[in-house]
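J.: A single structure is presented below for examination.
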Amino acid sequence: MGYPVECIGNERSLELRELCGGKRLYDAKADIDGICVQLFTEDRETVRMWNDNFYHMSDRVRAHAKLYCIKDDSCPMHVEYDLESSILFLFNFDYYGWIKSIALGVAGNILEDAHGIHPVHGAVLDVDGEGVTLIAPSKTGKTTQSWGLLRLPNTRLISDDWYFVSFGRGAPMVSGSEKNCYIDADIGEVWSEYRELVEQVRFDNRGRGIGNVRWVAGEDSIAEHTSMKHIVLLKRDPKDPEVVRELAAEEALAYLEANDFCNPHQLVRNPNRVDRRREFFRRYLSECTVHMINTIRPAEETQAVIREAIGRGGQ
């Protein structure tokens with residue numbers, strides 16, 4: 001995680017809320033899988049990206065969680081998290097990607113605690129009625145390969161970054177989290193189909209921006225739900241010549257644990273929370289097919305390997 005998180009009590013939370021009460025703040029509400037998260041910030045551009053990124057929640061719905069973005073030159077970038085009220089204070093954040101990930105993280109905590117719905121930091125698509133997810137550490141090609149899969153026939157994107165899982169009598173059910181995607185400027189260089197999309201996006205200081213995939217892939221290219229079938233774990237290890245391998249659930253779980261569950265935005269990491277995540281992933285992995293893909297080959301070749309692993313070879 002690129003920022004420290006400190007859990008605070010009610011007294012400190014009230015102090016900071018009084019501080020924010022004296023500022024002129026823009027605010028907006030997001031519907032994150034039914035959880036209302038409200039953002040407060042002095043930066044108009046952050047609100048614009050937030051509104052483009054998330055589904056809107058009615059102003060009449062009271063927030064389940066609140067994020068206050070605070071500028072304070074006297075301290076470094078950090079988060080103070082009031083667990084009891086689900087209010088977070090983000091000091092000196094100038095990167096929208098982390099702000100939106102913190103919103104997703106606190107929504108995930110609420111869903112996990114109150115509803116038994118579990119967050120996953122990963123991309124997920126519905127491929128001809130079957131859920132396919134790519135879970136990976138940063139910089140191993142998760143976003144690139146998920147957008148590559150979106151070019152398959154009868155395929156819809158659920159989420160390219162974060163989603164939620166619930167269990168029932170059948171396959172694990174998955175729901176998305178964001179209306180539009182926070183994309184890299186170079187996605188059109190890898191897959192030419194998305195160049196037109198990139199040309200329409202306003203990119204931030206990190207070379208990323210909110211893109212509406214419907215503009216290039218059609219209105220039906222986005223879906224809200226799917227049932228999970230294939231879990232694809234990615235790694236990038238030039239020392240390992242093996243490109244693809246099917247994994248048992250326990251082996252896959254060991255990989256995820258060794259890589260912090262591939263989620264750098266876990267806001268709470270106490271033993272109880274870690275045990276809960278471990279047991280969730282143990283069940284999730286055991287109910288799906290699991291493959292490990294080593295992304296050492298060019299993107300096009302890796303894409304072919306992934307398609308073969310999920311039974312879509314040659315498409």
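Each chain of the structure tokens is named A, B, ... in the order shown, its residues numbered from 1; ligands are numbered from 1 in display order.
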With 8 Å as the cut-off and only C-alpha atoms counted, what is the closest atom pair between each nearby residue of region 162-206 of chain A and region 24-37 of chain A? Distances in Å to one decimal, ordered by chain and number, as CSV.
T.:
residue,atom,partner,partner_atom,distance
A:Phe164,CA,A:Asp33,CA,7.9
A:Ser175,CA,A:Asp33,CA,7.3
A:Gly176,CA,A:Asp33,CA,7.1
A:Ser177,CA,A:Ile32,CA,5.4
A:Glu178,CA,A:Ile32,CA,7.0
J.: List as a ChimeraX atom specification the protein and nucleic acid residues near Ile87 (chain A), meaning an atom at most 12 Å away when only C-alpha atoms are counted, but skip any in the same chain fewer than 6 places from it.
T.: /A:7-10,12-14,16-17,37-40,63-69,79-81,102-103,106-107,110
J.: Can you pull out every residue within 12 Å of Gly313 (chain A), counting only C-alpha atoms, but drop anything in the same chain fewer than 4 positions away, and send it as an NGL selection string?
T.: :A and (149 or 152 or 301-309)
J.: Tell me which of A:Val61, A:Ala123, A:Val243, A:Met49 sits closest to Ile99 (chain A), counting only C-alpha atoms.
T.: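 Ranking A:Val61, A:Ala123, A:Val243, A:Met49 by distance to Ile99 (chain A), first place goes to A:Met49.
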J.: Quick one: everything within 12 Å of Val290 (chain A), counting only C-alpha atoms, minus sequence neighbours fewer than 2 positions away in the same chain. Send it as a count of residues only.
T.: 34
J.: Quick one: pick out all alpha helix (DSSP H) residues within region 133-303 of chain A from a backbone DSSP run and write them as number ranges by chain.
T.: A: 142-149, 187-190, 195-200, 214-217, 249-258, 271-286, 299-303
J.: Residues of region 64-149 of chain A that approach region 218-224 of chain A to 12 Å or less, counting only C-alpha atoms: could you list each one with the shortest pair of atoms and its distance in Å to one decimal, rows by chain and increasing residue number, as CSV?
T.:
residue,atom,partner,partner_atom,distance
A:Val124,CA,A:Ala223,CA,10.2
A:Leu125,CA,A:Ala223,CA,8.3
A:Asp126,CA,A:Ala223,CA,7.6
A:Val127,CA,A:Ala223,CA,10.7
A:Asp128,CA,A:Ala223,CA,11.8
A:Gly129,CA,A:Ala223,CA,10.8
A:Gly131,CA,A:Ala223,CA,11.0
A:Trp147,CA,A:Ser221,CA,11.2
A:Leu149,CA,A:Ser221,CA,11.7
J.: Nearest to Gln315 (chain A) among A:Arg277, A:Arg202, A:His56, A:Arg151, with distances taken over only C-alpha atoms: which residue is it?
T.: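 Between A:Arg277, A:Arg202, A:His56, A:Arg151, the residue approaching Gln315 (chain A) most closely is A:Arg151.
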J.: Leaving out Phe167 (chain A) and any residue of its chain fewer than 5 positions from it, which residues lie within 10 Å of it when counting only C-alpha atoms, given as an MDAnalysis selection string?
T.: chainID A and resid 116:118 172:174 227 280 283:284 287
J.: Would you mind telling me which residue in A:Arg214, A:Lys179, A:Ser146, A:Asp160 lies nearest to Trp191 (chain A) when using only C-alpha atoms?
T.: A:Ser146
J.: Between A:Val120, A:Leu256, A:Leu111, A:Met77, which one has atoms that come closest to Pro137 (chain A), using only C-alpha atoms?
T.: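 Comparing A:Val120, A:Leu256, A:Leu111, A:Met77 against Pro137 (chain A), the winner is A:Leu256.
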J.: Report the distance between CA of Tyr55 (chain A) and CA of Gln145 (chain A) in Å, rounded to one decimal place.
T.: 24.5 Å
